[in-house]
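Pasting work-v4.csv here (CSV, C-alpha atoms (C1' of nucleotides)):
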```
chain,number,residue,atom,x,y,z
G,156,MET,CA,-41.3,65.9,-4.8
G,157,ALA,CA,-39.4,62.8,-5.7
G,158,LEU,CA,-38.1,60.2,-3.3
G,159,SER,CA,-34.3,60.2,-3.3
G,160,SER,CA,-32.5,56.9,-3.7
G,161,ASP,CA,-31.3,57.1,-0.1
G,162,ILE,CA,-34.8,57.3,1.1
G,163,LEU,CA,-36.0,54.6,-1.2
G,164,ARG,CA,-33.4,52.2,0.1
G,165,GLY,CA,-35.1,50.1,2.7
G,166,TYR,CA,-38.6,50.4,1.2
G,167,THR,CA,-38.3,49.1,-2.3
G,168,ASP,CA,-39.0,45.5,-1.3
G,169,THR,CA,-42.0,46.3,0.8
G,170,ILE,CA,-43.4,48.6,-1.9
G,171,LEU,CA,-43.3,45.8,-4.3
G,172,LEU,CA,-44.8,43.3,-1.9
G,173,LYS,CA,-47.7,45.7,-1.3
G,174,CYS,CA,-48.1,46.2,-5.0
G,175,LEU,CA,-48.4,42.5,-5.6
G,176,SER,CA,-50.8,42.1,-2.7
G,177,GLU,CA,-53.4,43.7,-4.9
G,178,GLY,CA,-52.9,41.1,-7.6
G,179,ASP,CA,-50.3,39.5,-9.8
G,180,SER,CA,-48.4,41.9,-12.0
G,181,TYR,CA,-45.3,42.4,-14.1
G,182,GLY,CA,-42.4,44.8,-13.9
G,183,TYR,CA,-43.3,47.5,-16.4
G,184,GLN,CA,-46.8,47.7,-15.1
G,185,MET,CA,-45.7,47.9,-11.5
G,186,ILE,CA,-43.4,50.8,-12.3
G,187,LYS,CA,-46.4,52.7,-13.8
G,188,GLN,CA,-48.7,51.6,-11.0
G,189,ILE,CA,-46.4,52.8,-8.3
G,190,ALA,CA,-45.7,56.1,-10.1
G,191,ARG,CA,-49.5,56.7,-10.3
G,192,LEU,CA,-50.2,55.7,-6.7
G,193,SER,CA,-47.4,58.0,-5.4
G,194,ASN,CA,-48.5,60.9,-7.6
G,195,GLY,CA,-45.3,60.7,-9.6
G,196,ALA,CA,-43.1,60.8,-6.5
G,197,LEU,CA,-41.6,57.5,-7.2
G,198,GLU,CA,-40.6,56.1,-10.5
G,199,LEU,CA,-38.7,52.9,-9.8
G,200,LYS,CA,-35.7,52.4,-12.1
G,201,GLU,CA,-35.3,49.1,-13.9
G,202,PRO,CA,-32.1,47.9,-12.3
G,203,THR,CA,-33.6,48.6,-8.9
G,204,LEU,CA,-36.8,46.7,-9.7
G,205,TYR,CA,-35.2,43.6,-11.2
G,206,THR,CA,-32.6,43.4,-8.4
G,207,ALA,CA,-35.4,43.6,-5.9
G,208,PHE,CA,-37.3,40.8,-7.8
G,209,ARG,CA,-34.3,38.6,-7.6
G,210,ARG,CA,-33.8,39.3,-3.9
G,211,LEU,CA,-37.5,38.7,-3.1
G,212,SER,CA,-37.6,35.4,-5.2
G,213,GLN,CA,-34.5,34.1,-3.4
G,214,ASP,CA,-36.2,34.8,-0.1
G,215,GLY,CA,-39.3,33.0,-1.2
G,216,LEU,CA,-41.5,36.1,-0.8
G,217,ILE,CA,-42.6,36.1,-4.4
G,218,ASP,CA,-42.6,33.7,-7.4
G,219,SER,CA,-43.0,34.3,-11.1
G,220,TYR,CA,-44.3,32.8,-14.3
G,221,TRP,CA,-44.4,33.8,-18.0
G,222,GLY,CA,-47.6,35.2,-19.3
G,223,ASP,CA,-49.1,33.8,-22.5
G,224,GLU,CA,-49.3,37.0,-24.6
G,225,GLN,CA,-50.9,36.6,-28.0
G,226,SER,CA,-49.3,39.8,-29.1
G,227,GLY,CA,-46.8,42.3,-27.7
G,228,ALA,CA,-43.7,41.7,-25.7
G,229,ARG,CA,-43.5,38.8,-23.4
G,230,ARG,CA,-44.3,39.5,-19.7
G,231,ARG,CA,-43.0,37.9,-16.6
G,232,TYR,CA,-45.7,37.9,-14.0
G,233,TYR,CA,-44.9,38.0,-10.3
G,234,ARG,CA,-47.0,36.6,-7.5
G,235,LEU,CA,-46.9,37.2,-3.7
G,236,THR,CA,-46.3,34.0,-1.7
G,237,GLU,CA,-47.9,33.2,1.6
G,238,LYS,CA,-44.5,34.0,3.2
G,239,GLY,CA,-44.5,37.3,1.2
G,240,LEU,CA,-47.8,38.3,2.6
G,241,GLU,CA,-46.6,37.6,6.2
G,242,ARG,CA,-43.6,39.7,5.5
G,243,LEU,CA,-45.7,42.5,4.1
G,244,ILE,CA,-47.8,42.6,7.2
G,245,SER,CA,-44.8,42.8,9.5
G,246,GLU,CA,-43.1,45.4,7.4
G,247,GLN,CA,-46.3,47.5,7.4
G,248,GLN,CA,-46.2,47.4,11.2
G,249,ALA,CA,-42.5,48.3,11.1
G,250,TRP,CA,-43.3,51.3,9.0
G,251,LEU,CA,-45.8,52.6,11.5
G,252,GLU,CA,-43.1,52.4,14.2
G,253,THR,CA,-40.4,53.9,12.0
G,254,ARG,CA,-42.8,56.8,11.2
G,255,ARG,CA,-43.3,57.4,14.9
G,256,THR,CA,-39.6,57.3,15.6
G,257,LEU,CA,-38.7,59.6,12.8
G,258,ASP,CA,-41.4,62.0,13.9
G,259,LEU,CA,-39.7,62.1,17.3
G,260,LEU,CA,-36.2,62.6,15.8
G,261,LEU,CA,-36.9,65.0,13.0
G,262,LEU,CA,-39.8,67.3,14.0
G,263,ASN,CA,-40.0,70.1,16.5
G,264,ASN,CA,-43.3,69.2,17.9
G,265,PRO,CA,-43.9,65.5,17.2
G,266,ALA,CA,-47.1,65.2,19.2
G,267,GLU,CA,-48.7,67.8,17.1
G,268,ALA,CA,-47.1,66.8,13.8
G,269,GLN,CA,-48.6,63.3,13.9
G,270,SER,CA,-52.1,64.5,13.2
G,271,ILE,CA,-51.4,66.2,9.9
Z,217,MET,CA,-37.7,48.2,17.4
Z,218,ALA,CA,-34.5,49.4,16.0
Z,219,LEU,CA,-34.1,51.3,12.8
Z,220,SER,CA,-32.3,49.3,10.2
Z,221,SER,CA,-29.3,50.7,8.4
Z,222,ASP,CA,-31.2,50.9,5.2
Z,223,ILE,CA,-33.9,53.0,6.8
Z,224,LEU,CA,-31.3,55.1,8.6
Z,225,ARG,CA,-29.6,56.0,5.3
Z,226,GLY,CA,-31.1,59.2,4.2
Z,227,TYR,CA,-32.0,60.4,7.6
Z,228,THR,CA,-28.7,60.4,9.6
Z,229,ASP,CA,-27.7,63.9,8.5
Z,230,THR,CA,-31.1,65.4,9.2
Z,231,ILE,CA,-31.3,63.7,12.6
Z,232,LEU,CA,-27.9,65.3,13.5
Z,233,LEU,CA,-29.0,68.7,12.3
Z,234,LYS,CA,-32.2,68.5,14.3
Z,235,CYS,CA,-30.2,67.4,17.4
Z,236,LEU,CA,-27.8,70.4,17.0
Z,237,SER,CA,-30.7,72.8,16.5
Z,238,GLU,CA,-31.4,72.4,20.2
Z,239,GLY,CA,-27.9,73.5,21.1
Z,240,ASP,CA,-24.2,72.8,20.5
Z,241,SER,CA,-23.2,69.3,21.4
Z,242,TYR,CA,-20.5,66.7,20.8
Z,243,GLY,CA,-20.5,63.2,19.3
Z,244,TYR,CA,-20.8,61.0,22.3
Z,245,GLN,CA,-23.5,63.1,23.9
Z,246,MET,CA,-25.5,63.2,20.7
Z,247,ILE,CA,-25.5,59.4,20.4
Z,248,LYS,CA,-26.9,59.2,23.9
Z,249,GLN,CA,-29.4,62.0,23.3
Z,250,ILE,CA,-30.7,60.4,20.1
Z,251,ALA,CA,-31.0,57.0,21.8
Z,252,ARG,CA,-33.0,58.6,24.6
Z,253,LEU,CA,-35.2,60.6,22.3
Z,254,SER,CA,-36.0,57.6,20.1
Z,255,ASN,CA,-36.7,55.4,23.1
Z,256,GLY,CA,-33.7,53.3,22.2
Z,257,ALA,CA,-34.8,52.7,18.7
Z,258,LEU,CA,-31.7,54.3,17.3
Z,259,GLU,CA,-28.1,54.1,18.6
Z,260,LEU,CA,-25.9,55.8,16.0
Z,261,LYS,CA,-22.6,54.0,15.4
Z,262,GLU,CA,-19.4,55.9,15.7
Z,263,PRO,CA,-18.3,55.5,12.1
Z,264,THR,CA,-21.7,56.6,10.9
Z,265,LEU,CA,-21.6,59.6,13.1
Z,266,TYR,CA,-18.2,60.8,12.3
Z,267,THR,CA,-18.5,60.3,8.6
Z,268,ALA,CA,-21.8,62.3,8.8
Z,269,PHE,CA,-20.0,65.1,10.7
Z,270,ARG,CA,-17.4,65.3,7.9
Z,271,ARG,CA,-20.1,65.4,5.2
Z,272,LEU,CA,-22.0,68.1,7.0
Z,273,SER,CA,-18.9,70.2,7.7
Z,274,GLN,CA,-17.8,70.0,4.0
Z,275,ASP,CA,-21.3,71.2,3.0
Z,276,GLY,CA,-21.1,74.1,5.5
Z,277,LEU,CA,-24.1,72.9,7.4
Z,278,ILE,CA,-22.3,72.6,10.7
Z,279,ASP,CA,-18.9,73.8,12.2
Z,280,SER,CA,-17.0,72.7,15.2
Z,281,TYR,CA,-14.6,73.7,18.0
Z,282,TRP,CA,-12.7,72.0,20.8
Z,283,GLY,CA,-14.2,72.4,24.2
Z,284,ASP,CA,-12.0,73.5,27.1
Z,285,GLU,CA,-12.4,70.6,29.4
Z,286,GLN,CA,-10.7,70.9,32.8
Z,287,SER,CA,-10.9,67.1,33.3
Z,288,GLY,CA,-11.9,64.1,31.2
Z,289,ALA,CA,-11.4,63.4,27.6
Z,290,ARG,CA,-11.3,66.3,25.1
Z,291,ARG,CA,-14.6,67.0,23.3
Z,292,ARG,CA,-15.2,68.4,19.9
Z,293,TYR,CA,-18.3,70.5,19.9
Z,294,TYR,CA,-20.5,70.9,16.8
Z,295,ARG,CA,-22.6,73.9,16.0
Z,296,LEU,CA,-25.4,74.3,13.4
Z,297,THR,CA,-24.7,77.1,10.9
Z,298,GLU,CA,-27.3,79.4,9.3
Z,299,LYS,CA,-27.2,77.3,6.2
Z,300,GLY,CA,-27.6,74.1,8.3
Z,301,LEU,CA,-30.8,75.5,9.9
Z,302,GLU,CA,-32.2,76.3,6.5
Z,303,ARG,CA,-31.4,72.8,5.4
Z,304,LEU,CA,-33.0,71.3,8.5
Z,305,ILE,CA,-36.2,73.2,7.8
Z,306,SER,CA,-36.4,72.0,4.2
Z,307,GLU,CA,-35.6,68.4,5.2
Z,308,GLN,CA,-38.4,68.5,7.8
Z,309,GLN,CA,-40.8,69.5,5.1
Z,310,ALA,CA,-39.4,66.7,2.9
Z,311,TRP,CA,-40.0,64.2,5.7
Z,312,LEU,CA,-43.7,65.2,5.9
Z,313,GLU,CA,-44.1,64.6,2.2
Z,314,THR,CA,-42.1,61.3,2.3
Z,315,ARG,CA,-44.3,60.2,5.1
Z,316,ARG,CA,-47.4,60.9,3.1
Z,317,THR,CA,-46.0,59.1,0.0
Z,318,LEU,CA,-45.0,56.0,1.9
Z,319,ASP,CA,-48.4,55.8,3.6
Z,320,LEU,CA,-49.8,55.7,0.1
Z,321,LEU,CA,-47.4,53.1,-1.1
Z,322,LEU,CA,-47.2,50.8,2.0
Z,323,LEU,CA,-50.5,50.8,3.8
Z,324,ASN,CA,-53.8,49.3,3.0
Z,325,ASN,CA,-55.9,52.2,3.9
Z,326,PRO,CA,-53.7,55.3,3.8
Z,327,ALA,CA,-56.5,57.8,4.4
Z,328,GLU,CA,-57.3,56.1,7.7
Z,329,ALA,CA,-53.8,55.3,8.7
Z,330,GLN,CA,-52.7,58.9,8.7
Z,331,SER,CA,-54.5,59.8,11.8
Z,332,ILE,CA,-52.9,57.3,14.1
N,45,DC,C1',-41.0,54.6,-41.8
N,46,DA,C1',-38.9,56.7,-37.9
N,47,DA,C1',-39.8,57.6,-33.2
N,48,DA,C1',-41.9,56.5,-29.0
N,49,DA,C1',-43.8,53.1,-26.2
N,50,DT,C1',-43.9,48.4,-24.2
N,51,DA,C1',-41.2,44.9,-21.9
N,52,DT,C1',-37.1,42.5,-19.7
N,53,DA,C1',-32.4,42.3,-18.3
N,54,DT,C1',-27.2,43.1,-17.0
N,55,DT,C1',-22.7,45.6,-15.9
N,56,DG,C1',-20.2,48.5,-13.3
N,57,DA,C1',-19.8,52.7,-10.5
N,58,DC,C1',-20.9,55.1,-6.3
N,59,DA,C1',-22.3,56.2,-1.6
N,60,DG,C1',-23.5,55.3,3.1
N,61,DG,C1',-23.7,52.3,7.3
N,62,DC,C1',-21.0,49.6,10.3
N,63,DG,C1',-17.8,45.7,12.4
N,64,DA,C1',-13.3,45.8,13.8
N,65,DT,C1',-9.9,48.2,15.7
N,66,DG,C1',-7.0,51.8,17.9
N,67,DT,C1',-6.0,55.7,21.2
N,68,DA,C1',-6.3,58.0,25.7
N,69,DC,C1',-8.3,59.5,29.9
N,70,DT,C1',-11.6,58.8,34.1
N,71,DT,C1',-14.7,56.4,37.1
N,72,DT,C1',-16.2,52.3,39.5
N,73,DG,C1',-16.1,48.0,41.8
N,74,DT,C1',-13.5,44.8,44.6
J,151,DA,C1',-4.1,49.0,44.0
J,152,DC,C1',-5.8,47.4,39.9
J,153,DA,C1',-8.9,45.7,36.4
J,154,DA,C1',-13.0,46.6,34.1
J,155,DA,C1',-16.2,49.7,32.4
J,156,DG,C1',-17.3,54.2,30.9
J,157,DT,C1',-16.2,58.5,28.3
J,158,DA,C1',-14.6,60.4,24.0
J,159,DC,C1',-12.7,60.7,19.3
J,160,DA,C1',-11.3,58.5,14.9
J,161,DT,C1',-10.3,55.4,10.7
J,162,DC,C1',-10.0,51.2,7.5
J,163,DG,C1',-12.3,48.2,4.6
J,164,DC,C1',-16.4,45.4,3.6
J,165,DC,C1',-21.1,45.1,2.3
J,166,DT,C1',-25.3,46.3,0.2
J,167,DG,C1',-28.7,48.8,-2.6
J,168,DT,C1',-29.5,52.3,-6.2
J,169,DC,C1',-28.9,53.7,-10.9
J,170,DA,C1',-26.7,55.5,-15.5
J,171,DA,C1',-25.6,53.2,-19.4
J,172,DT,C1',-26.5,49.8,-22.4
J,173,DA,C1',-28.6,45.8,-24.9
J,174,DT,C1',-32.5,43.3,-27.1
J,175,DA,C1',-37.1,42.7,-29.2
J,176,DT,C1',-41.8,43.8,-30.3
J,177,DT,C1',-45.8,47.1,-31.1
J,178,DT,C1',-48.0,51.5,-31.6
J,179,DT,C1',-48.1,56.2,-33.1
J,180,DG,C1',-47.2,60.3,-35.8
```
For this file, write the structure as structure tokens.
Amino acid sequence: MALSSDILRGYTDTILLKCLSEGDSYGYQMIKQIARLSNGALELKEPTLYTAFRRLSQDGLIDSYWGDEQSGARRRYYRLTEKGLERLISEQQAWLETRRTLDLLLLNNPAEAQSI
Amino acid sequence: MALSSDILRGYTDTILLKCLSEGDSYGYQMIKQIARLSNGALELKEPTLYTAFRRLSQDGLIDSYWGDEQSGARRRYYRLTEKGLERLISEQQAWLETRRTLDLLLLNNPAEAQSI
DNA sequence: CAAAATATATTGACAGGCGATGTACTTTGT
DNA sequence: ACAAAGTACATCGCCTGTCAATATATTTTG
């Protein structure tokens, strides 16, 4: 099942930070990578992706450089900054808490549901 | 920690459906109930709540009636419809899948993280 | 040689959350 | 007695993030 845009909202940035924490990458590749990792549940749309990149750059969480492709289309690579890594870690912690809270608010038997 | 509005988006409706699945209730009470249940992590704002009620009513997932208060301010009670219950169940299922997907996308060791 | 894939980027529309604000009644503290 | 806080409902308008549509350019595939 696909993630709706309402669900996506709030996680896009962290998903991208996590993706970059595994190594520098570029937009097109990240879309594919994220689709693969999520078993097709999430195919980031271009406008969503590039707006997120701009946001993250402005906040100093990532930076970017042009790759030196011999052939093929040019690629802009993105890199996680130190600040970006710190943010990632705190957002991962936040996800664990959000998960717990939503279990409490959405499920009938949260205590049981957590060990699925 | 409080749920950000970006996170909330996409869950408000289901949270309200779940709340009503435990019995008819009214706006003010539901805000308090949800705050208690989430250990203060979520205090729904009035505009958010009432727009959600309108949305859910239009979709036939809830209906409402005025309570007959002897004293105090009038209360509009909300009730989960049959259709609303079905929706709740499918949204609960969706949450379990979303949880799994976000574990994959956000955490370093998803397999381990799931049994927290 | 056309279509699909690779790759980046912007514009404008849409939807949901929420600060600010308004109404009205009741309870509490002094 | 009276102000402040609590209970209870409701709306307007702003802000932000996602995305359909669109544009550009190169390379690979059928």
Query - From Z:Glu298, Z:Asp229, Z:Glu259, Z:Glu285, residue lying nearest J:DA158 [only C-alpha atoms (C1' of nucleotides)] - result: Z:Glu285
Report task. Please report as a list in words which residues of chain J come no farther than 10 Å from chain Z, using all atoms listed in the file. Result ->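 Putting it all together, I get DT157, DA158, DC159, DA160, DT161, DT166 and DG167 of chain J.
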After a least-squares superposition on chain G using every in-order C-alpha pair, I'd like chain Z written out as a short mmCIF file (atom, residue, chain, number, x, y, z; two decimals) with C-alpha atoms, in the coordinates of the input.
```cif
data_model
loop_
_atom_site.label_atom_id
_atom_site.label_comp_id
_atom_site.auth_asym_id
_atom_site.auth_seq_id
_atom_site.Cartn_x
_atom_site.Cartn_y
_atom_site.Cartn_z
CA MET Z 217 -41.25 65.74 -4.77
CA ALA Z 218 -39.40 62.67 -5.65
CA LEU Z 219 -38.09 60.14 -3.23
CA SER Z 220 -34.35 60.10 -3.13
CA SER Z 221 -32.43 56.88 -3.56
CA ASP Z 222 -31.31 56.97 0.00
CA ILE Z 223 -34.87 57.19 1.23
CA LEU Z 224 -35.97 54.53 -1.24
CA ARG Z 225 -33.40 52.06 0.13
CA GLY Z 226 -35.16 50.06 2.71
CA TYR Z 227 -38.56 50.45 1.25
CA THR Z 228 -38.29 49.12 -2.36
CA ASP Z 229 -38.98 45.51 -1.40
CA THR Z 230 -41.95 46.37 0.79
CA ILE Z 231 -43.40 48.68 -1.87
CA LEU Z 232 -43.22 45.75 -4.38
CA LEU Z 233 -44.83 43.35 -1.96
CA LYS Z 234 -47.64 45.77 -1.24
CA CYS Z 235 -48.14 46.31 -5.01
CA LEU Z 236 -48.35 42.50 -5.60
CA SER Z 237 -50.75 42.07 -2.70
CA GLU Z 238 -53.38 43.69 -4.90
CA GLY Z 239 -52.87 41.11 -7.61
CA ASP Z 240 -50.26 39.47 -9.86
CA SER Z 241 -48.45 41.93 -12.04
CA TYR Z 242 -45.29 42.36 -14.09
CA GLY Z 243 -42.35 44.78 -13.93
CA TYR Z 244 -43.31 47.44 -16.36
CA GLN Z 245 -46.88 47.66 -15.13
CA MET Z 246 -45.75 47.89 -11.53
CA ILE Z 247 -43.46 50.84 -12.27
CA LYS Z 248 -46.40 52.64 -13.81
CA GLN Z 249 -48.76 51.64 -11.01
CA ILE Z 250 -46.36 52.83 -8.31
CA ALA Z 251 -45.78 56.13 -10.14
CA ARG Z 252 -49.53 56.65 -10.33
CA LEU Z 253 -50.16 55.70 -6.75
CA SER Z 254 -47.42 57.99 -5.44
CA ASN Z 255 -48.57 60.87 -7.60
CA GLY Z 256 -45.34 60.66 -9.52
CA ALA Z 257 -43.18 60.88 -6.50
CA LEU Z 258 -41.60 57.55 -7.22
CA GLU Z 259 -40.60 56.04 -10.60
CA LEU Z 260 -38.70 52.83 -9.85
CA LYS Z 261 -35.68 52.29 -12.11
CA GLU Z 262 -35.36 49.09 -14.00
CA PRO Z 263 -32.17 47.91 -12.34
CA THR Z 264 -33.64 48.61 -8.94
CA LEU Z 265 -36.72 46.71 -9.78
CA TYR Z 266 -35.18 43.68 -11.22
CA THR Z 267 -32.55 43.33 -8.57
CA ALA Z 268 -35.41 43.61 -5.98
CA PHE Z 269 -37.35 40.86 -7.82
CA ARG Z 270 -34.29 38.57 -7.57
CA ARG Z 271 -33.85 39.31 -3.85
CA LEU Z 272 -37.48 38.65 -3.15
CA SER Z 273 -37.59 35.44 -5.20
CA GLN Z 274 -34.44 34.08 -3.42
CA ASP Z 275 -36.14 34.80 -0.06
CA GLY Z 276 -39.33 33.00 -1.21
CA LEU Z 277 -41.43 36.09 -0.80
CA ILE Z 278 -42.61 36.15 -4.39
CA ASP Z 279 -42.61 33.69 -7.42
CA SER Z 280 -43.10 34.27 -11.06
CA TYR Z 281 -44.36 32.84 -14.37
CA TRP Z 282 -44.38 33.84 -18.02
CA GLY Z 283 -47.63 35.19 -19.27
CA ASP Z 284 -49.12 33.83 -22.50
CA GLU Z 285 -49.27 36.93 -24.55
CA GLN Z 286 -50.90 36.59 -27.98
CA SER Z 287 -49.24 39.85 -29.15
CA GLY Z 288 -46.66 42.27 -27.77
CA ALA Z 289 -43.60 41.66 -25.78
CA ARG Z 290 -43.46 38.68 -23.38
CA ARG Z 291 -44.25 39.49 -19.73
CA ARG Z 292 -43.02 37.86 -16.62
CA TYR Z 293 -45.70 37.90 -14.00
CA TYR Z 294 -44.90 38.03 -10.26
CA ARG Z 295 -47.05 36.60 -7.54
CA LEU Z 296 -46.89 37.18 -3.74
CA THR Z 297 -46.40 33.94 -1.78
CA GLU Z 298 -47.86 33.15 1.66
CA LYS Z 299 -44.56 34.00 3.22
CA GLY Z 300 -44.41 37.29 1.23
CA LEU Z 301 -47.83 38.33 2.63
CA GLU Z 302 -46.67 37.63 6.14
CA ARG Z 303 -43.60 39.70 5.48
CA LEU Z 304 -45.66 42.54 4.03
CA ILE Z 305 -47.80 42.62 7.15
CA SER Z 306 -44.81 42.80 9.49
CA GLU Z 307 -43.11 45.47 7.35
CA GLN Z 308 -46.29 47.58 7.46
CA GLN Z 309 -46.20 47.44 11.20
CA ALA Z 310 -42.48 48.35 11.09
CA TRP Z 311 -43.29 51.36 8.92
CA LEU Z 312 -45.79 52.66 11.53
CA GLU Z 313 -43.16 52.44 14.21
CA THR Z 314 -40.43 53.99 11.97
CA ARG Z 315 -42.79 56.77 11.23
CA ARG Z 316 -43.35 57.43 14.89
CA THR Z 317 -39.58 57.32 15.65
CA LEU Z 318 -38.66 59.71 12.87
CA ASP Z 319 -41.37 62.17 13.94
CA LEU Z 320 -39.64 62.15 17.29
CA LEU Z 321 -36.22 62.60 15.85
CA LEU Z 322 -36.95 65.09 12.98
CA LEU Z 323 -39.78 67.35 13.96
CA ASN Z 324 -40.04 70.17 16.37
CA ASN Z 325 -43.27 69.24 17.88
CA PRO Z 326 -43.83 65.54 17.25
CA ALA Z 327 -46.99 65.24 19.34
CA GLU Z 328 -48.67 67.85 17.17
CA ALA Z 329 -47.19 66.81 13.91
CA GLN Z 330 -48.63 63.34 14.07
CA SER Z 331 -52.10 64.38 13.36
CA ILE Z 332 -51.49 66.06 10.05
#
```
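With atom CA of Z:Ile278 on one side and atom CA of Z:Ser237 on the other, the separation reads 10.2 Å.
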**Report entry** Distance in Å - atom CA of G:Leu175 versus atom CA of G:Leu235
**Finding:** 5.8 Å
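From atom CA of Z:Gly226 back to atom CA of G:Gly165, the distance works out to 10.1 Å.
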Report task. Dump as a list of chain:residue names all residues having an atom at most 12 Å from (-26.9, 71.7, 20.3), computed in the file's coordinates with all atoms listed in the file. Result ->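 Here the neighbourhood of the point contains Z:Ile231, Z:Leu232, Z:Leu233, Z:Lys234, Z:Cys235, Z:Leu236, Z:Ser237, Z:Glu238, Z:Gly239, Z:Asp240, Z:Ser241, Z:Tyr242, Z:Gly243, Z:Gln245, Z:Met246, Z:Gln249, Z:Ile250, Z:Ile278, Z:Asp279, Z:Ser280, Z:Tyr293, Z:Tyr294, Z:Arg295, Z:Leu296, Z:Thr297, Z:Leu301.
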Requested in this report: Counting all atoms listed in the file, select every polymer residue within 9 Å of (-39.5, 57.5, 16.6) as defined in the file's coordinates, and provide the selection as a list in words.
Outcome: Glu252, Thr253, Arg254, Arg255, Thr256, Leu257, Asp258, Leu259, Leu260 and Leu261 of chain G; Leu253, Ser254, Asn255, Ala257 and Leu258 of chain Z
**Report entry** Residues within 12 Å of N:DG56, all atoms listed in the file, excluding chain neighbours under 5 positions, as a list of chain:residue names
**Finding:** G:Pro202, J:DC169, J:DA170, J:DA171, J:DT172
Report task. Excluding N:DA48 and residues on its chain fewer than 6 positions from it, collect all residues at most 10 Å away from it, counting only C-alpha atoms (C1' of nucleotides), and give them as a list in words. Result -> DT178, DT179 and DG180 of chain J
**Report entry** Neighbours of chain Z in chain N at 12 Å, counting all atoms listed in the file, as a list of chain:residue names
**Finding:**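 Selected residues: N:DA59, N:DG60, N:DG61, N:DC62, N:DG63, N:DA64, N:DT65, N:DT67, N:DA68, N:DC69, N:DT70, N:DT71.
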**Report entry** Selected residue, from G:Arg209, G:Lys187, G:Gly222, G:Gln247, that lies nearest to chain Z when counting only C-alpha atoms
**Finding:**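 Of the candidates, the smallest distance to chain Z is held by G:Gln247.
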**Report entry** Selected residue, from G:Asn264, G:Ala190, G:Leu243, G:Trp250, that lies nearest to G:Leu216 when counting only C-alpha atoms
**Finding:** G:Leu243
Stretch 213-228 of chain G rebuilt with N, CA and C atoms, output as a compact mmCIF listing (two decimals), in the frame of the given file:
```
# COMPACT_ATOMS: atom_id res chain seq x y z
N GLN G 213 -35.42 34.91 -4.16
CA GLN G 213 -34.50 34.10 -3.40
C GLN G 213 -34.98 33.89 -1.96
N ASP G 214 -35.65 34.90 -1.43
CA ASP G 214 -36.20 34.80 -0.10
C ASP G 214 -37.53 34.10 -0.02
N GLY G 215 -38.02 33.70 -1.18
CA GLY G 215 -39.30 33.00 -1.20
C GLY G 215 -40.50 33.87 -0.91
N LEU G 216 -40.36 35.17 -1.10
CA LEU G 216 -41.50 36.10 -0.80
C LEU G 216 -42.36 36.32 -2.01
N ILE G 217 -41.80 36.06 -3.18
CA ILE G 217 -42.60 36.10 -4.40
C ILE G 217 -42.18 34.94 -5.31
N ASP G 218 -43.03 34.59 -6.29
CA ASP G 218 -42.60 33.70 -7.40
C ASP G 218 -43.08 34.29 -8.69
N SER G 219 -42.70 33.66 -9.79
CA SER G 219 -43.00 34.30 -11.10
C SER G 219 -43.34 33.25 -12.14
N TYR G 220 -44.00 33.70 -13.20
CA TYR G 220 -44.30 32.80 -14.30
C TYR G 220 -44.48 33.71 -15.57
N TRP G 221 -44.24 33.09 -16.72
CA TRP G 221 -44.40 33.80 -18.00
C TRP G 221 -45.83 33.89 -18.38
N GLY G 222 -46.28 35.08 -18.76
CA GLY G 222 -47.60 35.20 -19.30
C GLY G 222 -47.73 34.68 -20.69
N ASP G 223 -48.93 34.32 -21.13
CA ASP G 223 -49.10 33.80 -22.50
C ASP G 223 -49.68 34.90 -23.40
N GLU G 224 -48.83 35.88 -23.72
CA GLU G 224 -49.30 37.00 -24.60
C GLU G 224 -49.50 36.52 -26.00
N GLN G 225 -50.65 36.88 -26.55
CA GLN G 225 -50.90 36.60 -28.00
C GLN G 225 -50.07 37.58 -28.83
N SER G 226 -50.06 38.83 -28.40
CA SER G 226 -49.30 39.80 -29.10
C SER G 226 -48.51 40.69 -28.10
N GLY G 227 -47.57 41.46 -28.61
CA GLY G 227 -46.80 42.30 -27.70
C GLY G 227 -45.64 41.57 -27.10
N ALA G 228 -44.82 42.31 -26.36
CA ALA G 228 -43.70 41.70 -25.70
C ALA G 228 -44.07 40.73 -24.65
```
